[in-house]
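Okay, input_0.tsv now, which holds TSV, C-alpha atoms:
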chain	number	residue	atom	x	y	z
A	1	MET	CA	0.00	0.00	0.00
A	2	ARG	CA	1.34	3.42	-0.91
A	3	ARG	CA	1.94	6.18	1.64
A	4	GLY	CA	-0.89	8.35	0.29
A	5	ASP	CA	-3.33	5.44	0.57
A	6	GLU	CA	-2.27	4.85	4.17
A	7	ASP	CA	-2.77	8.51	5.06
A	8	LEU	CA	-6.25	8.55	3.53
A	9	LEU	CA	-7.42	5.36	5.22
A	10	ARG	CA	-5.91	6.31	8.58
A	11	VAL	CA	-7.63	9.70	8.62
A	12	LEU	CA	-10.99	8.37	7.47
A	13	GLY	CA	-10.73	5.69	10.14
A	14	GLY	CA	-11.52	8.41	12.66
A	15	VAL	CA	-15.14	8.65	11.46
A	16	PRO	CA	-17.44	6.62	13.76
A	17	ASP	CA	-19.46	3.86	12.09
A	18	PRO	CA	-23.21	4.13	12.93
A	19	ARG	CA	-24.01	0.60	11.72
A	20	ASP	CA	-24.55	-2.56	13.73
A	21	PRO	CA	-21.32	-4.59	13.33
A	22	ARG	CA	-23.35	-7.69	12.50
A	23	GLY	CA	-23.84	-8.14	8.80
A	24	VAL	CA	-21.57	-5.29	7.71
A	25	ARG	CA	-20.35	-6.07	4.20
A	26	TYR	CA	-18.30	-2.99	3.38
A	27	PRO	CA	-15.91	-1.40	5.91
A	28	LEU	CA	-16.80	2.24	6.48
A	29	VAL	CA	-13.29	3.49	5.81
A	30	GLY	CA	-13.32	1.81	2.39
A	31	VAL	CA	-16.68	3.30	1.41
A	32	LEU	CA	-15.56	6.76	2.50
A	33	ALA	CA	-12.28	6.37	0.63
A	34	VAL	CA	-14.17	5.53	-2.56
A	35	GLU	CA	-16.44	8.55	-2.13
A	36	VAL	CA	-13.55	10.93	-1.45
A	37	CYS	CA	-11.52	9.67	-4.41
A	38	ALA	CA	-14.54	9.80	-6.71
A	39	VAL	CA	-15.27	13.41	-5.78
A	40	LEU	CA	-11.61	14.32	-6.30
A	41	ALA	CA	-11.89	12.68	-9.73
A	42	GLY	CA	-14.84	14.91	-10.62
A	43	ALA	CA	-17.93	13.03	-9.42
A	44	ARG	CA	-20.66	15.41	-8.25
A	45	SER	CA	-23.49	13.03	-7.32
A	46	PHE	CA	-23.96	9.64	-5.72
A	47	THR	CA	-24.85	8.24	-9.13
A	48	ALA	CA	-21.53	9.46	-10.52
A	49	ILE	CA	-19.70	8.10	-7.46
A	50	GLY	CA	-21.32	4.70	-7.97
A	51	GLU	CA	-20.36	4.66	-11.65
A	52	TRP	CA	-16.79	5.62	-10.76
A	53	ALA	CA	-16.61	2.86	-8.14
A	54	VAL	CA	-17.72	0.03	-10.45
A	55	ASP	CA	-14.93	0.94	-12.88
A	56	LEU	CA	-12.23	0.31	-10.26
A	57	SER	CA	-10.04	-2.74	-10.65
A	58	VAL	CA	-9.59	-5.35	-7.93
A	59	GLU	CA	-6.16	-3.91	-7.16
A	60	GLN	CA	-7.50	-0.37	-6.87
A	61	LEU	CA	-10.32	-1.49	-4.58
A	62	ALA	CA	-7.82	-3.33	-2.39
A	63	ARG	CA	-5.78	-0.15	-2.01
A	64	LEU	CA	-8.93	1.53	-0.69
A	65	GLY	CA	-9.64	-1.28	1.75
A	66	LEU	CA	-12.39	-3.04	-0.21
A	67	GLU	CA	-12.82	-6.43	-1.85
A	68	CYS	CA	-15.62	-5.31	-4.16
A	69	ALA	CA	-17.23	-2.02	-5.13
A	70	PRO	CA	-20.22	-0.83	-3.07
A	71	VAL	CA	-23.31	0.07	-5.07
A	72	GLU	CA	-24.67	3.60	-5.24
A	73	SER	CA	-27.67	2.97	-2.96
A	74	THR	CA	-25.43	1.52	-0.25
A	75	MET	CA	-23.17	4.56	-0.27
A	76	ARG	CA	-26.08	6.98	-0.31
A	77	LYS	CA	-27.86	5.34	2.65
A	78	LEU	CA	-24.67	4.98	4.68
A	79	PHE	CA	-23.56	8.54	4.08
A	80	ALA	CA	-26.96	9.84	5.24
A	81	ARG	CA	-26.43	8.15	8.62
A	82	LEU	CA	-22.95	9.52	9.28
A	83	ASP	CA	-22.11	12.27	11.74
A	84	ALA	CA	-21.54	15.20	9.36
A	85	VAL	CA	-19.40	17.07	11.89
A	86	ALA	CA	-17.13	14.04	12.38
A	87	VAL	CA	-16.75	13.56	8.62
A	88	ASP	CA	-15.94	17.23	8.12
A	89	ARG	CA	-13.40	17.14	10.95
A	90	GLN	CA	-11.54	14.20	9.43
A	91	LEU	CA	-11.58	15.74	5.95
A	92	VAL	CA	-10.04	18.87	7.44
A	93	VAL	CA	-7.29	16.71	8.94
A	94	LEU	CA	-6.70	15.21	5.50
A	95	ALA	CA	-6.59	18.69	3.96
A	96	TRP	CA	-3.99	19.87	6.48
A	97	CYS	CA	-1.85	16.86	5.54
A	98	ARG	CA	-1.74	18.17	1.97
A	99	THR	CA	-0.75	21.77	2.69
A	100	ARG	CA	2.61	23.15	1.60
A	101	HIS	CA	4.78	25.96	2.88
A	102	ILE	CA	5.97	29.11	1.17
A	103	GLY	CA	9.32	30.28	2.46
A	104	GLY	CA	9.04	27.88	5.36
A	105	ARG	CA	5.61	29.13	6.48
A	106	GLY	CA	2.06	28.07	5.84
A	107	VAL	CA	0.00	30.71	4.02
A	108	ILE	CA	-3.77	30.69	4.44
A	109	ALA	CA	-6.40	32.85	2.75
A	110	ILE	CA	-9.68	33.79	4.43
A	111	ASP	CA	-12.46	34.24	1.90
A	112	ALA	CA	-16.23	34.02	1.63
A	113	LYS	CA	-18.57	32.37	-0.83
A	114	THR	CA	-22.28	31.80	-1.32
A	115	MET	CA	-23.30	28.23	-2.08
A	116	ARG	CA	-24.92	27.68	-5.46
A	117	GLY	CA	-27.97	25.60	-6.22
A	118	VAL	CA	-29.33	25.44	-2.66
A	119	ARG	CA	-31.56	28.52	-2.49
A	120	THR	CA	-35.26	27.81	-2.12
A	121	THR	CA	-38.43	29.89	-2.10
A	122	THR	CA	-38.30	30.01	1.70
A	123	ALA	CA	-34.56	30.11	2.41
A	124	VAL	CA	-31.58	32.01	1.08
A	125	ALA	CA	-28.40	30.26	0.01
A	126	PRO	CA	-25.93	29.76	2.89
A	127	HIS	CA	-22.98	32.13	3.00
A	128	LEU	CA	-19.72	30.49	4.07
A	129	ILE	CA	-16.43	31.79	5.46
A	130	ALA	CA	-13.57	29.52	4.44
A	131	ALA	CA	-9.85	29.14	5.08
A	132	LEU	CA	-7.87	27.99	2.03
A	133	ASP	CA	-4.28	26.90	1.61
A	134	HIS	CA	-2.56	29.30	-0.81
A	135	THR	CA	-0.40	26.64	-2.46
A	136	THR	CA	-3.02	23.98	-3.15
A	137	GLY	CA	-6.36	25.80	-2.92
A	138	VAL	CA	-7.55	23.15	-0.47
A	139	VAL	CA	-10.26	24.29	1.95
A	140	LEU	CA	-8.92	23.78	5.47
A	141	GLY	CA	-12.13	24.72	7.23
A	142	GLN	CA	-15.34	26.65	6.75
A	143	ASN	CA	-18.20	28.04	8.82
A	144	ALA	CA	-21.62	29.28	7.84
A	145	VAL	CA	-22.40	32.93	8.51
A	146	ALA	CA	-25.38	33.16	10.84
A	147	ALA	CA	-28.51	34.58	9.22
A	148	LYS	CA	-28.67	37.60	11.54
A	149	SER	CA	-24.94	38.13	11.84
A	150	ASN	CA	-22.07	39.18	9.57
A	151	GLN	CA	-18.71	37.89	8.41
A	152	ILE	CA	-16.60	39.42	11.19
A	153	PRO	CA	-17.66	37.07	14.03
A	154	ALA	CA	-17.76	34.21	11.53
A	155	VAL	CA	-14.06	34.75	10.76
A	156	ARG	CA	-13.26	34.81	14.47
A	157	ASP	CA	-15.21	31.59	15.08
A	158	LEU	CA	-13.50	29.92	12.12
A	159	LEU	CA	-10.03	30.73	13.44
A	160	ALA	CA	-10.99	29.65	16.96
A	161	GLY	CA	-11.94	26.24	15.62
A	162	PHE	CA	-8.41	25.43	14.45
A	163	ASP	CA	-5.82	23.70	16.57
A	164	PRO	CA	-3.37	26.46	17.66
A	165	ARG	CA	-0.50	24.20	16.63
A	166	ASP	CA	-1.73	24.35	13.03
A	167	LEU	CA	-1.97	28.14	12.92
A	168	GLU	CA	1.24	28.93	14.78
A	169	GLY	CA	3.76	30.58	12.46
A	170	CYS	CA	1.34	30.79	9.52
A	171	VAL	CA	0.60	33.92	7.51
A	172	ILE	CA	-3.11	34.62	6.99
A	173	THR	CA	-4.25	36.87	4.16
A	174	VAL	CA	-7.54	38.74	4.36
A	175	ASP	CA	-9.28	41.01	1.87
A	176	ALA	CA	-10.52	44.51	2.66
A	177	MET	CA	-14.05	43.49	3.63
A	178	ARG	CA	-12.81	41.36	6.51
A	179	THR	CA	-9.93	43.64	7.52
A	180	GLN	CA	-10.97	44.48	11.08
A	181	ASP	CA	-9.44	44.88	14.54
A	182	GLN	CA	-11.27	41.78	15.78
A	183	THR	CA	-9.87	39.71	12.92
A	184	ALA	CA	-6.33	40.91	13.62
A	185	ARG	CA	-6.61	40.05	17.31
A	186	ALA	CA	-7.99	36.59	16.54
A	187	ILE	CA	-5.13	35.86	14.16
A	188	LEU	CA	-2.46	37.03	16.60
A	189	ALA	CA	-4.10	35.07	19.42
A	190	GLY	CA	-3.68	31.94	17.31
A	191	GLY	CA	0.06	32.53	16.96
A	192	ALA	CA	-0.13	33.55	13.30
A	193	ASP	CA	0.67	36.74	11.40
A	194	TYR	CA	-1.49	38.54	8.87
A	195	VAL	CA	-1.42	40.37	5.58
A	196	PHE	CA	-4.41	42.69	5.26
A	197	THR	CA	-5.78	44.71	2.37
A	198	VAL	CA	-5.90	48.25	3.78
A	199	LYS	CA	-8.11	50.96	2.31
A	200	GLY	CA	-8.83	54.53	3.28
A	201	ALA	CA	-11.95	53.57	5.22
A	202	HIS	CA	-9.87	51.58	7.69
A	203	ARG	CA	-7.80	54.61	8.60
A	204	LYS	CA	-10.97	56.65	9.11
A	205	GLN	CA	-12.32	53.93	11.40
A	206	GLY	CA	-9.24	54.29	13.59
A	207	CYS	CA	-8.08	50.68	13.30
A	208	SER	CA	-5.34	50.22	15.89
A	209	TRP	CA	-2.99	48.35	13.56
A	210	VAL	CA	-3.13	50.91	10.75
A	211	GLY	CA	-0.61	53.72	11.12
A	212	ALA	CA	-2.08	57.19	10.75
A	213	SER	CA	-0.16	57.85	7.56
A	214	LEU	CA	0.46	54.27	6.38
A	215	ARG	CA	-1.61	54.57	3.23
A	216	ASP	CA	-0.09	57.92	2.30
A	217	GLU	CA	3.44	56.66	2.96
A	218	GLY	CA	2.93	53.69	0.68
A	219	ARG	CA	1.48	55.63	-2.22
A	220	GLY	CA	3.84	55.65	-5.18
A	221	LEU	CA	6.54	53.52	-3.55
A	222	PRO	CA	7.93	50.33	-5.13
A	223	MET	CA	6.24	47.27	-3.64
A	224	MET	CA	9.29	46.14	-1.66
A	225	GLU	CA	9.58	49.56	-0.01
A	226	VAL	CA	5.97	49.91	1.15
A	227	PRO	CA	5.91	50.17	4.97
A	228	THR	CA	3.98	47.46	6.79
A	229	PRO	CA	1.94	47.72	10.00
A	230	PRO	CA	3.24	45.96	13.11
A	231	THR	CA	1.97	42.41	13.69
If you took the structure in this file and wrote it as structure tokens, what would it be?
Amino acid sequence: MRRGDEDLLRVLGGVPDPRDPRGVRYPLVGVLAVEVCAVLAGARSFTAIGEWAVDLSVEQLARLGLECAPVESTMRKLFARLDAVAVDRQLVVLAWCRTRHIGGRGVIAIDAKTMRGVRTTTAVAPHLIAALDHTTGVVLGQNAVAAKSNQIPAVRDLLAGFDPRDLEGCVITVDAMRTQDQTARAILAGGADYVFTVKGAHRKQGCSWVGASLRDEGRGLPMMEVPTPPT
């Protein structure tokens, strides 16, 4: 078994199995491994995942911990019974295993997105705050923005959910919309540094980390000579 296969199966092994052990035909870790690999290969539905699975060879199935391919209905029913939080937590662990460093440091972007295809006549589409690895684009974690809240506390909650050991020494980039005192404090509290997009409005708001003349000092200077705020 290759190292990447071992990492995948070991991480997915942390998801609790809700089934009665009696009569279990497919090990949970194998089913999850098939689903993860199928999605990475482009599958976007359980039907597509099932079609991808039946095309696997015996050797490929063995690498994923299976003797035969599970059918689509089996995967759909099993996935519906899983603890979504536990699955998400283990996928985040897997994502962190795939991050890379730039200049010896992890670099993470905080960004927001609105989910597509889930809006209904009675509910708006969820808005998510996500942390992405700069080098791979892998989502390391995401939180939904509460309906009656805004992105600022959502960013703080997202950062608080990470293990401090993962954030320590990282550089976190944030766009102008989420450039706030609270965000800066949350990043520093996690042992990381930040790169913020600073606009004139931030100086007017009196943000503590923006020097009074920082924007004016940087105007017209070569990029490498632009002064930076203390972090």
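Counting from CA of Ala131 (chain A), the distance to CA of Val87 (chain A) is 17.4 Å.
Here CA of His101 (chain A) and CA of Leu167 (chain A) stand 12.3 Å from one another.
Considering only C-alpha atoms, the residue among A:Ser73, A:Ser57, A:Thr179, A:Thr99 positioned nearest to Asp111 (chain A) is A:Thr179.
Each of A:Arg116, A:Ala48, A:Pro70, A:Ala146 was compared to Val24 (chain A) using only C-alpha atoms, and A:Pro70 turns out to be the nearest.
As for CA of Phe46 (chain A) and CA of Val92 (chain A), they are spaced 21.3 Å apart.
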Long-range neighbours of Asp163 (chain A) as a PyMOL selection string, 12 Å cut-off, only C-alpha atoms, 2 positions minimum in chain: chain A and resi 89+92-93+96+140-141+158-161+165-168+189-192
Contact residues around Glu72 (chain A) with all atoms listed in the file at 12 Å, ignoring same-chain residues under 5 positions, as an MDAnalysis selection string: chainID A and resid 31 34:35 38 45:54 77:79
